[in-house]
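Trainee: One structure is given below, represented as structure tokens, and several questions about it will come after.
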Amino acid sequence: LARVNTQVRRHRYTEQLRMTVQATIEMAVTDALTGLYNRRYLETHLAHLVEHSVNRGKPLAVVTLDVDFFKSVNDNNGHDAGDRVLQELAGRIRASIRNVDMACRTGGEEFVVVLPATETATAEKIAERIRRSVASKPFNAGVNCLLNITISAGVASLTGIDDKVEDILKRADQALYRAKRD
């Protein structure tokens, strides 16, 4: 009986340890507010996805997204409202992409979606689908607080075997800033 009790305790302790390790790993790669992957995960896995696409001769596209005038959301409605907007935005992004696509929150109100095996024209359609999903329905930012939110998007694709992760992200950011200006 003593041996069984010891084994049961040991098993429970091991399971608790396993769950703690799993939770720690998830916290290391996931944005706590939105549940999307974080910048660290993006930087680690995008290089692998680019290499995979180059080796297989497959396309890859990146969409950068930024909430327009997000500072005014926080300033006028408080940071809790801003957090709720970001959480709902993450849900709308998830609903607009495939399971194989990788959605990340890279900081503040900035997001990146990596689209493996996706041509530029298709990536542009996906970016537009996300943009329409955001603009089409007000965000619930709290009690009696519905906010109309818009986003700007930039799209860039893998251009060749010498293309680097930084180059793709830089082109996507440049496209995003052009969209914001326009």
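Going through the structure tokens in order, the chains are called A, B, and so on, while each chain numbers its residues from 1 and the ligands are numbered from 1 in the order shown.
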As a list in words, please: the residues near Val63 (chain A) (cut-off 7 Å, only C-alpha atoms, same-chain neighbours under 6 positions excluded).
Mentor: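 Those residues are Val112, Val113, Val114, Ala127, Ala153, Gly154, Val155, Ala156 and Ala172 of chain A.
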Trainee: Please write the residues from the selection above to a file, keeping C-alpha atoms, as a tab-separated table (two decimals), in the first residue's frame.
Mentor:
```
chain	number	residue	atom	x	y	z
A	112	VAL	CA	2.35	39.34	-39.46
A	113	VAL	CA	0.73	36.46	-41.31
A	114	VAL	CA	3.00	33.98	-43.10
A	127	ALA	CA	-4.92	40.49	-47.04
A	153	ALA	CA	-1.77	45.72	-44.94
A	154	GLY	CA	1.41	45.12	-46.87
A	155	VAL	CA	2.23	42.02	-48.89
A	156	ALA	CA	5.60	40.65	-49.96
A	172	ALA	CA	6.16	43.82	-46.57
```
Trainee: Just the alpha helix (DSSP H) stuff from region 10-145 of chain A, please, per backbone DSSP, written as a ChimeraX atom specification.
Mentor: /A:10-29,39-56,70-77,79-96,120-135
Trainee: What's around region 129-138 of chain A at 12 Å? Count only C-alpha atoms, leave out sequence neighbours fewer than 6 positions away in its own chain, and write the answer as a PDB file with C-alpha atoms, in the first residue's frame.
Mentor:
```
ATOM      1  CA  VAL A  63       1.316  39.918 -44.955  1.00  0.00           C
ATOM      2  CA  THR A  64       2.009  42.658 -42.423  1.00  0.00           C
ATOM      3  CA  LEU A  65      -0.988  44.261 -40.731  1.00  0.00           C
ATOM      4  CA  ASP A  66      -1.273  47.365 -38.588  1.00  0.00           C
ATOM      5  CA  VAL A  67      -4.334  48.873 -36.883  1.00  0.00           C
ATOM      6  CA  ASP A  68      -4.994  52.375 -38.163  1.00  0.00           C
ATOM      7  CA  VAL A  85      -9.943  45.213 -29.878  1.00  0.00           C
ATOM      8  CA  LEU A  86      -6.634  43.357 -30.280  1.00  0.00           C
ATOM      9  CA  GLU A  88     -11.101  40.373 -31.411  1.00  0.00           C
ATOM     10  CA  LEU A  89      -8.768  41.344 -34.242  1.00  0.00           C
ATOM     11  CA  ALA A  90      -6.714  38.209 -33.605  1.00  0.00           C
ATOM     12  CA  GLY A  91      -9.896  36.144 -33.870  1.00  0.00           C
ATOM     13  CA  ARG A  92     -10.844  37.776 -37.161  1.00  0.00           C
ATOM     14  CA  ILE A  93      -7.354  37.170 -38.544  1.00  0.00           C
ATOM     15  CA  ARG A  94      -7.514  33.496 -37.492  1.00  0.00           C
ATOM     16  CA  ALA A  95     -10.934  33.134 -39.134  1.00  0.00           C
ATOM     17  CA  SER A  96      -9.604  34.584 -42.406  1.00  0.00           C
ATOM     18  CA  ILE A  97      -6.594  32.302 -42.890  1.00  0.00           C
ATOM     19  CA  ARG A  98      -5.902  28.595 -43.352  1.00  0.00           C
ATOM     20  CA  ALA A 103      -0.438  34.437 -37.616  1.00  0.00           C
ATOM     21  CA  PHE A 111       0.672  41.571 -36.891  1.00  0.00           C
ATOM     22  CA  VAL A 112       2.351  39.337 -39.457  1.00  0.00           C
ATOM     23  CA  VAL A 113       0.730  36.456 -41.314  1.00  0.00           C
ATOM     24  CA  THR A 122      -3.501  35.078 -53.608  1.00  0.00           C
ATOM     25  CA  ALA A 123      -1.761  36.732 -50.653  1.00  0.00           C
ATOM     26  CA  ASN A 144     -21.872  50.115 -24.810  1.00  0.00           C
ATOM     27  CA  CYS A 145     -18.622  50.666 -26.684  1.00  0.00           C
ATOM     28  CA  LEU A 146     -18.606  49.631 -30.330  1.00  0.00           C
ATOM     29  CA  LEU A 147     -15.654  50.870 -32.350  1.00  0.00           C
ATOM     30  CA  ASN A 148     -15.144  50.985 -36.089  1.00  0.00           C
ATOM     31  CA  ILE A 149     -11.601  49.783 -36.727  1.00  0.00           C
ATOM     32  CA  THR A 150      -9.608  49.633 -39.934  1.00  0.00           C
ATOM     33  CA  ILE A 151      -6.249  48.124 -40.731  1.00  0.00           C
ATOM     34  CA  SER A 152      -3.604  48.633 -43.354  1.00  0.00           C
ATOM     35  CA  ALA A 153      -1.773  45.722 -44.939  1.00  0.00           C
ATOM     36  CA  GLY A 154       1.413  45.116 -46.866  1.00  0.00           C
ATOM     37  CA  ALA A 179      -0.895  51.525 -47.740  1.00  0.00           C
TER      38      ALA A 179
END
```
Trainee: Take CA of Lys71 (chain A) and CA of Glu110 (chain A) and report the distance between them in Å, one decimal.
Mentor: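 Value for the CA of Lys71 (chain A)-CA of Glu110 (chain A) distance: 12.3 Å.
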Trainee: For Ile168 (chain A), find every residue with an atom within 10 Å (counting only C-alpha atoms), except residues of its own chain fewer than 6 positions away, and show them as a PyMOL selection string.
Mentor: chain A and resi 50+60-63+155-159+174
Trainee: Output the selection as a short mmCIF file (atom, residue, chain, number, x, y, z; two decimals), in the first residue's frame - all heavy atoms for each residue.
Mentor:
```cif
data_model
loop_
_atom_site.label_atom_id
_atom_site.label_comp_id
_atom_site.auth_asym_id
_atom_site.auth_seq_id
_atom_site.Cartn_x
_atom_site.Cartn_y
_atom_site.Cartn_z
N VAL A 50 11.07 29.81 -45.07
CA VAL A 50 11.70 30.35 -46.28
C VAL A 50 12.63 29.30 -46.88
O VAL A 50 12.60 29.05 -48.10
CB VAL A 50 12.45 31.67 -45.97
CG1 VAL A 50 13.35 32.08 -47.12
CG2 VAL A 50 11.45 32.78 -45.65
N LEU A 60 6.04 31.61 -51.24
CA LEU A 60 5.76 31.96 -49.84
C LEU A 60 5.48 33.45 -49.81
O LEU A 60 6.17 34.22 -50.47
CB LEU A 60 6.97 31.64 -48.95
CG LEU A 60 6.79 32.05 -47.49
CD1 LEU A 60 6.86 30.80 -46.61
CD2 LEU A 60 7.85 33.02 -47.06
N ALA A 61 4.46 33.83 -49.07
CA ALA A 61 4.12 35.25 -48.97
C ALA A 61 3.98 35.64 -47.50
O ALA A 61 3.70 34.81 -46.64
CB ALA A 61 2.81 35.54 -49.71
N VAL A 62 4.20 36.92 -47.25
CA VAL A 62 4.08 37.49 -45.91
C VAL A 62 3.16 38.70 -46.00
O VAL A 62 3.30 39.53 -46.89
CB VAL A 62 5.46 37.91 -45.37
CG1 VAL A 62 5.33 38.65 -44.06
CG2 VAL A 62 6.36 36.70 -45.21
N VAL A 63 2.22 38.77 -45.05
CA VAL A 63 1.32 39.92 -44.96
C VAL A 63 1.59 40.60 -43.62
O VAL A 63 1.57 39.96 -42.58
CB VAL A 63 -0.16 39.48 -45.02
CG1 VAL A 63 -1.09 40.68 -44.85
CG2 VAL A 63 -0.46 38.75 -46.31
N VAL A 155 1.97 43.39 -48.46
CA VAL A 155 2.23 42.02 -48.89
C VAL A 155 3.58 41.96 -49.58
O VAL A 155 3.94 42.85 -50.36
CB VAL A 155 1.13 41.54 -49.88
CG1 VAL A 155 1.45 40.16 -50.43
CG2 VAL A 155 -0.23 41.56 -49.22
N ALA A 156 4.34 40.91 -49.28
CA ALA A 156 5.60 40.65 -49.96
C ALA A 156 5.75 39.15 -50.13
O ALA A 156 5.20 38.37 -49.36
CB ALA A 156 6.79 41.21 -49.17
N SER A 157 6.49 38.77 -51.17
CA SER A 157 6.68 37.36 -51.46
C SER A 157 8.14 37.02 -51.60
O SER A 157 8.98 37.89 -51.86
CB SER A 157 5.95 36.98 -52.76
OG SER A 157 4.57 37.12 -52.61
N LEU A 158 8.42 35.76 -51.47
CA LEU A 158 9.74 35.22 -51.72
C LEU A 158 10.06 35.43 -53.19
O LEU A 158 9.26 35.07 -54.05
CB LEU A 158 9.74 33.72 -51.38
CG LEU A 158 11.02 32.95 -51.47
CD1 LEU A 158 12.05 33.49 -50.47
CD2 LEU A 158 10.76 31.48 -51.19
N THR A 159 11.21 36.05 -53.48
CA THR A 159 11.52 36.38 -54.88
C THR A 159 12.56 35.47 -55.51
O THR A 159 12.71 35.45 -56.71
CB THR A 159 12.00 37.84 -55.01
OG1 THR A 159 13.15 38.02 -54.18
CG2 THR A 159 10.91 38.80 -54.62
N GLN A 174 7.45 47.99 -46.10
CA GLN A 174 7.39 49.11 -47.03
C GLN A 174 6.02 49.18 -47.71
O GLN A 174 5.46 50.27 -47.86
CB GLN A 174 8.51 49.00 -48.06
CG GLN A 174 9.88 49.25 -47.48
CD GLN A 174 11.01 48.88 -48.45
OE1 GLN A 174 10.83 48.13 -49.40
NE2 GLN A 174 12.19 49.41 -48.17
#
```
Trainee: Go through A:Leu176, A:Asn5, A:Met19, A:Gly142 one by one, measure the shortest atom-to-atom distance of each to Ala81 (chain A) using only C-alpha atoms, and give the residue with the smallest value.
Mentor: A:Gly142
Trainee: Taking into account only C-alpha atoms, which residue in the set A:Asn99, A:Gln7, A:Thr14, A:Asn140 is nearest to Pro116 (chain A)?
Mentor: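 Between A:Asn99, A:Gln7, A:Thr14, A:Asn140, the residue approaching Pro116 (chain A) most closely is A:Asn99.
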Trainee: Need to verify the contact set: Asp83 (chain A), 8 Å, only C-alpha atoms, exclusion of same-chain residues closer than 4 positions in sequence. Can you return it as a list in words?
Mentor: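 Everything that qualifies: Leu33, His79 and Gln87 of chain A.
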Trainee: Write down as a PyMOL selection string the residues of chain A whose backbone DSSP state falls under strand (DSSP E).
Mentor: chain A and resi 60-67+102-107+110-116+139-140+146-147+151-157
Trainee: Go through A:Val143, A:Ile161, A:Ala28, A:Leu42 and flag the residue nearest Arg56 (chain A), using only C-alpha atoms for the distances.
Mentor: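 Answer, going by the shortest atom-to-atom distance: A:Ile161.
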Trainee: Could you pull the residues within 8 Å of Arg105 (chain A), counting only C-alpha atoms, minus those fewer than 4 positions along the same chain, as a count of residues only?
Mentor: 10
